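Participant: Got a file for you: upload-v2.cif, mmCIF, C-alpha atoms.
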data_structure
#
loop_
_atom_site.label_atom_id
_atom_site.label_comp_id
_atom_site.auth_asym_id
_atom_site.auth_seq_id
_atom_site.Cartn_x
_atom_site.Cartn_y
_atom_site.Cartn_z
CA MET A 1 -138.24 75.45 120.46
CA SER A 2 -141.18 77.34 121.97
CA GLY A 3 -143.69 78.46 119.38
CA PHE A 4 -143.11 75.61 116.96
CA VAL A 5 -146.00 73.26 116.27
CA HIS A 6 -143.51 70.53 115.38
CA PRO A 7 -140.35 71.11 117.45
CA GLU A 8 -139.51 67.40 117.15
CA TYR A 9 -137.99 68.00 113.70
CA LEU A 10 -135.01 69.78 115.30
CA VAL A 11 -132.70 68.38 117.95
CA GLU A 12 -130.23 70.33 120.04
CA THR A 13 -126.55 69.49 120.45
CA ASP A 14 -126.94 68.71 124.15
CA TRP A 15 -129.64 66.12 123.41
CA LEU A 16 -127.49 64.45 120.77
CA ALA A 17 -124.45 64.43 123.06
CA GLU A 18 -126.51 62.54 125.63
CA HIS A 19 -127.70 59.98 123.06
CA LEU A 20 -124.52 59.27 121.09
CA ASN A 21 -124.32 55.76 122.50
CA ASP A 22 -127.98 54.98 121.89
CA ALA A 23 -128.07 52.14 119.36
CA ASN A 24 -131.40 53.42 118.07
CA VAL A 25 -130.01 56.86 117.13
CA LEU A 26 -128.29 57.18 113.76
CA VAL A 27 -126.50 60.37 112.73
CA PHE A 28 -125.95 61.31 109.08
CA ASP A 29 -123.32 63.77 107.88
CA CYS A 30 -124.74 65.18 104.63
CA THR A 31 -121.95 67.64 103.83
CA THR A 32 -121.78 68.58 100.15
CA HIS A 33 -119.95 71.38 98.36
CA LEU A 34 -121.07 73.06 95.15
CA ILE A 35 -118.13 74.57 93.25
CA PRO A 36 -119.17 77.17 90.65
CA ASP A 37 -118.51 76.11 87.07
CA PRO A 38 -119.83 78.40 84.28
CA LYS A 39 -120.12 75.48 81.86
CA ILE A 40 -122.47 73.37 83.99
CA THR A 41 -123.45 75.84 86.76
CA TYR A 42 -121.53 73.96 89.45
CA GLN A 43 -119.45 70.89 90.22
CA VAL A 44 -120.64 68.66 93.05
CA LYS A 45 -118.03 67.65 95.63
CA PRO A 46 -119.25 65.27 98.36
CA GLY A 47 -117.81 66.20 101.74
CA LEU A 48 -116.17 62.85 102.44
CA GLU A 49 -112.75 64.43 103.02
CA ASP A 50 -114.31 66.79 105.58
CA PHE A 51 -115.97 63.78 107.23
CA LYS A 52 -112.70 61.87 107.57
CA THR A 53 -111.04 64.96 109.04
CA GLY A 54 -113.68 65.16 111.74
CA HIS A 55 -117.29 64.13 112.36
CA ILE A 56 -119.75 63.48 115.16
CA PRO A 57 -118.84 60.11 116.75
CA GLY A 58 -120.71 57.21 115.17
CA ALA A 59 -122.00 59.26 112.25
CA GLN A 60 -122.41 57.80 108.78
CA PHE A 61 -121.48 59.79 105.69
CA VAL A 62 -124.17 60.07 103.02
CA ASP A 63 -123.26 61.11 99.48
CA MET A 64 -126.29 63.23 98.66
CA LEU A 65 -125.73 62.97 94.92
CA ARG A 66 -125.12 59.24 94.65
CA ASP A 67 -126.70 57.63 97.70
CA VAL A 68 -130.07 59.38 97.92
CA SER A 69 -130.67 60.82 94.43
CA ASP A 70 -131.83 59.23 91.20
CA THR A 71 -128.56 58.99 89.25
CA SER A 72 -130.41 57.91 86.09
CA GLN A 73 -131.89 61.39 85.70
CA LYS A 74 -130.28 64.09 83.59
CA LEU A 75 -130.78 66.64 86.37
CA ARG A 76 -128.88 66.22 89.61
CA PHE A 77 -130.35 65.55 93.06
CA MET A 78 -133.70 64.32 91.81
CA ARG A 79 -135.87 62.23 94.12
CA GLN A 80 -135.35 58.48 93.95
CA SER A 81 -138.06 55.88 93.76
CA SER A 82 -139.35 54.72 97.12
CA GLU A 83 -137.71 51.33 96.55
CA ALA A 84 -134.28 52.84 95.86
CA PHE A 85 -134.52 55.21 98.82
CA ALA A 86 -135.56 52.41 101.18
CA ALA A 87 -132.66 50.25 99.98
CA ALA A 88 -130.23 53.12 100.66
CA MET A 89 -131.58 53.62 104.17
CA ARG A 90 -131.27 49.91 104.92
CA ARG A 91 -127.65 49.91 103.74
CA PHE A 92 -126.90 52.71 106.19
CA GLY A 93 -128.49 50.79 109.06
CA VAL A 94 -131.81 52.60 109.34
CA SER A 95 -134.72 50.58 110.72
CA ASN A 96 -138.34 51.59 111.12
CA THR A 97 -137.78 52.67 114.74
CA THR A 98 -134.47 54.49 114.24
CA ARG A 99 -134.21 58.10 115.40
CA VAL A 100 -132.40 59.73 112.47
CA VAL A 101 -130.44 62.97 113.00
CA THR A 102 -129.00 64.83 110.01
CA TYR A 103 -126.34 67.52 109.95
CA SER A 104 -123.88 69.19 107.62
CA SER A 105 -120.58 70.97 108.06
CA ALA A 106 -121.53 73.12 105.05
CA ASN A 107 -124.95 74.72 104.53
CA VAL A 108 -127.82 73.40 106.63
CA TRP A 109 -129.93 72.64 103.59
CA TRP A 110 -128.02 69.45 102.86
CA ALA A 111 -129.26 68.17 106.20
CA THR A 112 -132.76 69.48 105.58
CA ARG A 113 -132.80 67.83 102.13
CA LEU A 114 -132.29 64.39 103.64
CA TRP A 115 -134.89 65.22 106.29
CA TRP A 116 -137.29 66.22 103.51
CA LEU A 117 -136.71 62.96 101.64
CA LEU A 118 -137.51 60.98 104.78
CA HIS A 119 -140.61 63.14 105.26
CA GLU A 120 -141.64 62.60 101.64
CA PHE A 121 -141.43 58.86 102.16
CA GLY A 122 -143.60 58.95 105.26
CA TYR A 123 -140.89 58.75 107.94
CA ASP A 124 -141.40 61.21 110.80
CA ASN A 125 -138.78 60.00 113.27
CA ALA A 126 -136.06 62.23 111.78
CA ALA A 127 -134.67 65.59 112.83
CA VAL A 128 -132.05 68.13 111.81
CA LEU A 129 -129.27 69.00 114.27
CA ASN A 130 -129.88 72.64 115.16
CA GLY A 131 -126.64 74.54 114.56
CA GLY A 132 -125.07 71.61 112.74
CA TRP A 133 -121.40 70.73 112.84
CA GLN A 134 -120.49 74.37 113.38
CA LYS A 135 -122.28 74.54 116.73
CA TRP A 136 -121.14 71.05 117.76
CA GLN A 137 -117.50 71.93 117.13
CA ARG A 138 -117.77 75.38 118.68
CA GLU A 139 -119.04 73.82 121.91
CA GLY A 140 -116.01 71.56 122.08
CA ARG A 141 -118.00 68.35 121.87
CA PRO A 142 -116.35 65.01 120.99
CA ILE A 143 -115.32 64.32 117.41
CA GLU A 144 -114.16 61.26 115.55
CA THR A 145 -111.82 61.02 112.56
CA GLY A 146 -111.40 58.54 109.74
CA PRO A 147 -114.02 56.53 107.88
CA ALA A 148 -117.46 55.73 109.28
CA ARG A 149 -117.78 52.78 111.62
CA ALA A 150 -119.30 49.66 110.10
CA ARG A 151 -122.98 49.29 110.88
CA SER A 152 -125.37 46.39 110.37
CA ALA A 153 -128.08 46.75 107.74
CA GLY A 154 -131.47 47.96 108.90
CA ASP A 155 -135.01 46.94 108.00
CA PHE A 156 -136.30 50.33 106.82
CA SER A 157 -139.36 50.24 104.60
CA VAL A 158 -141.46 52.97 102.97
CA ARG A 159 -144.99 52.73 104.31
CA GLU A 160 -146.32 55.91 102.69
CA VAL A 161 -145.35 58.17 99.79
CA ARG A 162 -146.70 61.65 100.45
CA ASN A 163 -146.12 62.97 96.91
CA LEU A 164 -144.89 66.35 98.14
CA MET A 165 -142.56 66.83 95.16
CA VAL A 166 -144.07 68.72 92.23
CA GLY A 167 -143.05 69.15 88.60
CA LYS A 168 -142.98 72.11 86.25
CA ASP A 169 -146.62 71.68 85.15
CA GLU A 170 -147.93 72.17 88.68
CA VAL A 171 -145.63 75.17 89.18
CA LEU A 172 -146.82 76.65 85.88
CA ARG A 173 -150.47 76.27 86.91
CA ALA A 174 -149.70 78.03 90.19
CA ILE A 175 -148.68 81.27 88.44
CA GLY A 176 -151.45 83.78 88.98
CA ASP A 177 -153.32 81.50 91.40
CA GLY A 178 -153.97 83.54 94.53
CA ALA A 179 -154.36 80.41 96.63
CA ILE A 180 -150.74 79.31 96.04
CA CYS A 181 -147.54 81.00 97.20
CA THR A 182 -144.42 80.01 95.27
CA ILE A 183 -141.25 80.73 97.25
CA ASN A 184 -137.70 81.03 95.96
CA ALA A 185 -135.17 80.01 98.65
CA LEU A 186 -132.13 81.43 96.83
CA GLN A 187 -130.29 84.59 97.81
CA PRO A 188 -131.89 87.97 97.01
CA GLN A 189 -129.40 88.79 94.25
CA GLN A 190 -130.17 85.49 92.55
CA HIS A 191 -133.90 86.09 92.88
CA SER A 192 -133.59 89.53 91.29
CA GLY A 193 -131.22 88.30 88.59
CA GLY A 194 -128.63 90.83 89.64
CA GLY A 195 -125.85 88.45 90.69
CA GLY A 196 -124.81 85.17 92.24
CA ASN A 197 -124.91 81.75 90.65
CA SER A 198 -127.32 81.39 87.73
CA TYR A 199 -128.98 78.18 86.58
CA GLY A 200 -129.59 79.38 83.05
CA ARG A 201 -131.72 82.50 82.58
CA PRO A 202 -131.26 84.86 85.55
CA GLY A 203 -134.09 85.76 87.88
CA HIS A 204 -137.00 83.87 89.36
CA ILE A 205 -140.14 81.97 88.40
CA ALA A 206 -142.79 84.51 87.40
CA GLY A 207 -144.88 85.61 90.36
CA SER A 208 -142.72 83.94 92.98
CA VAL A 209 -141.51 85.60 96.18
CA ASN A 210 -138.19 85.38 97.98
CA VAL A 211 -137.54 83.89 101.43
CA PRO A 212 -133.84 82.95 101.30
CA ALA A 213 -132.94 79.76 103.14
CA ALA A 214 -129.82 81.46 104.47
CA HIS A 215 -132.01 84.09 106.16
CA LEU A 216 -133.78 81.46 108.27
CA LEU A 217 -130.68 81.01 110.42
CA ASP A 218 -128.93 83.09 113.04
CA ALA A 219 -125.66 84.14 111.38
CA GLU A 220 -123.65 83.75 114.60
CA THR A 221 -124.99 80.45 115.95
CA ASN A 222 -126.08 78.73 112.69
CA THR A 223 -129.31 77.76 114.50
CA PHE A 224 -132.80 78.34 113.16
CA LEU A 225 -134.36 81.65 114.14
CA PRO A 226 -137.10 81.62 116.80
CA ALA A 227 -140.53 80.51 115.66
CA ASP A 228 -142.08 83.98 115.91
CA GLU A 229 -139.36 85.48 113.70
CA LEU A 230 -139.68 82.72 111.11
CA ARG A 231 -143.46 83.14 111.11
CA LYS A 232 -143.09 86.88 110.46
CA ARG A 233 -140.90 86.22 107.44
CA PHE A 234 -143.34 83.80 105.87
CA GLU A 235 -146.36 85.92 106.77
CA ALA A 236 -144.71 88.89 105.06
CA VAL A 237 -144.93 87.09 101.71
CA GLY A 238 -148.42 85.70 102.34
CA ALA A 239 -147.34 82.09 102.75
CA MET A 240 -148.99 80.97 105.97
CA ASP A 241 -152.59 80.75 104.71
CA LYS A 242 -151.88 79.37 101.22
CA GLN A 243 -150.48 76.23 99.66
CA VAL A 244 -146.73 76.73 99.32
CA ILE A 245 -144.41 75.50 96.57
CA ASN A 246 -140.75 75.95 97.48
CA TYR A 247 -137.96 76.00 94.91
CA CYS A 248 -134.33 77.02 94.53
CA GLY A 249 -131.59 75.99 92.10
CA GLY A 250 -131.89 72.24 92.45
CA GLY A 251 -134.37 71.41 95.22
CA ILE A 252 -131.83 71.58 98.06
CA ALA A 253 -132.02 75.01 99.73
CA ALA A 254 -135.79 74.95 99.26
CA SER A 255 -135.96 72.07 101.74
CA ALA A 256 -134.86 74.43 104.54
CA ASP A 257 -137.85 76.68 103.82
CA ALA A 258 -140.07 73.60 103.69
CA LEU A 259 -138.82 72.35 107.07
CA ALA A 260 -139.34 75.76 108.67
CA LEU A 261 -142.90 75.98 107.36
CA ILE A 262 -143.76 72.49 108.59
CA MET A 263 -142.27 73.20 112.02
CA LEU A 264 -144.52 76.27 112.14
CA GLY A 265 -147.52 74.05 111.54
CA HIS A 266 -148.16 74.70 107.84
CA LYS A 267 -150.12 71.76 106.45
CA ASP A 268 -149.70 72.21 102.68
CA VAL A 269 -146.02 72.46 101.77
CA LYS A 270 -144.50 71.14 98.55
CA LEU A 271 -141.15 71.31 96.79
CA TYR A 272 -140.36 71.74 93.09
CA ASP A 273 -137.67 69.10 92.84
CA ALA A 274 -136.07 70.16 89.54
CA SER A 275 -136.33 73.87 90.44
CA LEU A 276 -134.39 76.37 88.31
CA SER A 277 -132.08 73.64 87.02
CA GLU A 278 -135.03 72.75 84.79
CA TRP A 279 -137.09 75.94 84.69
CA ALA A 280 -134.35 78.43 83.83
CA ARG A 281 -133.20 76.37 80.86
CA ASP A 282 -136.63 76.19 79.21
CA PRO A 283 -137.45 79.47 77.40
CA ALA A 284 -141.13 78.47 77.30
CA LEU A 285 -141.37 78.77 81.10
CA PRO A 286 -141.88 82.36 82.34
CA MET A 287 -139.24 84.07 84.43
CA GLU A 288 -138.88 87.57 85.86
CA THR A 289 -136.04 89.75 87.08
CA GLY A 290 -136.01 92.59 89.53
#
Written as structure tokens, that's how I'd like the structure from this file.

Facilitator:
Amino acid sequence: MSGFVHPEYLVETDWLAEHLNDANVLVFDCTTHLIPDPKITYQVKPGLEDFKTGHIPGAQFVDMLRDVSDTSQKLRFMRQSSEAFAAAMRRFGVSNTTRVVTYSSANVWWATRLWWLLHEFGYDNAAVLNGGWQKWQREGRPIETGPARARSAGDFSVREVRNLMVGKDEVLRAIGDGAICTINALQPQQHSGGGGNSYGRPGHIAGSVNVPAAHLLDAETNTFLPADELRKRFEAVGAMDKQVINYCGGGIAASADALALIMLGHKDVKLYDASLSEWARDPALPMETG
């Protein structure tokens, strides 16, 4: 964790193993699978079956689509109101002093998305498990099967809304503004429009740069790269001294970039919640390929 300004937003597997029986620590399994579907881009499959097969002892399973997203919206995974989010956290047993740890057995950005939502709603006592389920299992640590254990409701409340989610108008105004760096967290082939899953028109938001969320992790350990390496990647696209707007396909992978930037000490990080799920479908909004 050396080199990070905010190392507290990651926890290591050994720390969690030592605190599994701490009543004030609550672990969330955020596993979600996106299954490609040409008609609607992808089908969403919550990872509840994976959870029942094996999870970190005492963990709760959170359905990222239904539990912590606004299901009244046409687009999926949109931010809830503060009232709805607080109610969801209370149902899961979160109180205002709870140390929340998020992880996923799929891509890390499901865990970082829940971390980002907590951050958006002013809650800083949350962290992502570095290496996730993959590292936990590889180290032979204890697992539990079956449904989540029952947990008493918490008293979580939202004390601050940071308004770190932006809409298409703010992203549109950022195009050509040298003081703002707009980052696409999708894979390089998706950014260029040359392959991978498309959310409508191929390519990227005009003027945006590419720092793939998947490239923030060590491929062998699934842990975040060292701070100096992450800093180099963001400095290479000019992000460290500008306001940053992160986006992806639906505001999920972009949260990994956002977490990395905040851990590095960046003070002006935002996320385009609707991302390409909105932008790529609107021919009036400029896109580029290549």

Participant: Enumerate, as an MDAnalysis selection string, the residues matched when the PyMOL selection byres ((chain A and resi 10) around 7) is run on the file above.

Facilitator: chainID A and resid 7:9 11:12 127:130

Participant: Using all atoms listed in the file, which of the listed residues (A:Gly249, A:Thr97, A:Val211, A:Glu235) sits closest to A:Leu264?

Facilitator: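 The shortest atom-to-atom distance to A:Leu264 comes from A:Glu235.
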
Participant: Given the file above and the PyMOL selection byres ((chain A and resi 34) around 8), which residues are selected, and can you give them as a short mmCIF file (atom, residue, chain, number, x, y, z; two decimals) with C-alpha atoms, in the coordinates of the input?

Facilitator:
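Result file follows (expr.cif):
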data_model
loop_
_atom_site.label_atom_id
_atom_site.label_comp_id
_atom_site.auth_asym_id
_atom_site.auth_seq_id
_atom_site.Cartn_x
_atom_site.Cartn_y
_atom_site.Cartn_z
CA THR A 32 -121.78 68.58 100.15
CA HIS A 33 -119.95 71.38 98.36
CA ILE A 35 -118.13 74.57 93.25
CA PRO A 36 -119.17 77.17 90.65
CA TYR A 42 -121.53 73.96 89.45
CA GLN A 43 -119.45 70.89 90.22
CA VAL A 44 -120.64 68.66 93.05
CA LYS A 45 -118.03 67.65 95.63
#

Participant: For the atom pair atom CA of A:Asn125 and atom CA of A:Val27, what is the interatomic distance in Å to one decimal place?

Facilitator: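 So the answer is 12.3 Å.
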
Participant: Taking the file as shown, what set of residues would the PyMOL selection byres ((chain A and resi 267-270) around 6) give back, as a ChimeraX atom specification?

Facilitator: /A:164-165,243-245,266,271

Participant: Name the closest residue to A:Tyr123 among the candidates A:Arg66, A:Arg159, A:Lys74, A:Lys135; distances are taken between atoms, counting only C-alpha atoms.

Facilitator: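 Closest to A:Tyr123, using only C-alpha atoms: A:Arg159.
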
Participant: Using all atoms listed in the file, which residue out of A:Ala87, A:Ser82, A:Tyr247, A:Trp15 lies closest to A:Lys168?

Facilitator: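 Closest to A:Lys168 of all the choices is A:Tyr247.
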
Participant: Calculated over only C-alpha atoms, which of the candidates A:Phe4, A:Trp136, A:Tyr272, A:Phe51 has the smallest distance to A:Val171?

Facilitator: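 Closest candidate: A:Tyr272.
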
Participant: Quote the spacing between atom CA of A:Asp50 and atom CA of A:Gly251 in Å to one decimal place.

Facilitator: 23.0 Å

Participant: What does the structure give for the distance between atom CA of A:Leu118 and atom CA of A:Arg233, in Å to one decimal?

Facilitator: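 Atom-to-atom, atom CA of A:Leu118 to atom CA of A:Arg233, that is 25.6 Å.
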
Participant: Between A:Ala148, A:Ala23, A:Leu114, A:Ile40, which is the closest to A:Ile56 once you count only C-alpha atoms?

Facilitator: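 Comparing A:Ala148, A:Ala23, A:Leu114, A:Ile40 against A:Ile56, the winner is A:Ala148.
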
Participant: Using only C-alpha atoms, can you tell me which of A:Asn24, A:Thr53, A:Ser255, A:Asn184 comes closest to A:Ser105?

Facilitator: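 Looking only at the distances to A:Ser105, the closest residue turns out to be A:Thr53.
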
Participant: Using all atoms listed in the file, tabulate the residues of stretch 50-84 of chain A lying at most 12 Å from any atom of stretch 91-94 of chain A, each with its closest atom pair and that distance in Å to one decimal, by chain and increasing residue number, as a tab-separated table.

Facilitator:
residue	atom	partner	partner_atom	distance
A:Gly58	CA	A:Gly93	CA	11.8
A:Ala59	CA	A:Phe92	CA	10.2
A:Gln60	CA	A:Phe92	CA	7.3
A:Phe61	CA	A:Phe92	CA	8.9
A:Val62	CA	A:Phe92	CA	8.5
A:Asp63	CA	A:Phe92	CA	11.4
A:Asp67	CA	A:Phe92	CA	9.8
A:Val68	CA	A:Phe92	CA	11.1
A:Ala84	CA	A:Arg91	CA	10.7

Participant: Would you kindly return, as a PyMOL selection string, each protein, DNA or RNA residue with an atom no farther than 9 Å from any atom of A:Thr41, considering all atoms listed in the file and excluding same-chain residues fewer than 4 positions away?

Facilitator: chain A and resi 35-37+197-200+277

Participant: What lies within 10 Å of A:Lys52 using only C-alpha atoms, ignoring chain neighbours under 4 positions off, as a list of chain:residue names?

Facilitator: A:Gly47, A:Leu48, A:Phe61, A:Glu144, A:Thr145, A:Gly146, A:Pro147, A:Ala148

Participant: List as a VMD selection string the protein and nucleic acid residues near A:Met89, meaning an atom at most 8 Å away when only C-alpha atoms are counted, but skip any in the same chain fewer than 5 places from it.

Facilitator: chain A and resid 94 to 95 154 156

Participant: Neighbouring residues of A:Met287 were defined as those with any atom within 10 Å, considering all atoms listed in the file; residues of the same chain fewer than 6 positions away were excluded. Please report them as a PyMOL selection string.

Facilitator: chain A and resi 193+201-208+276+279-280
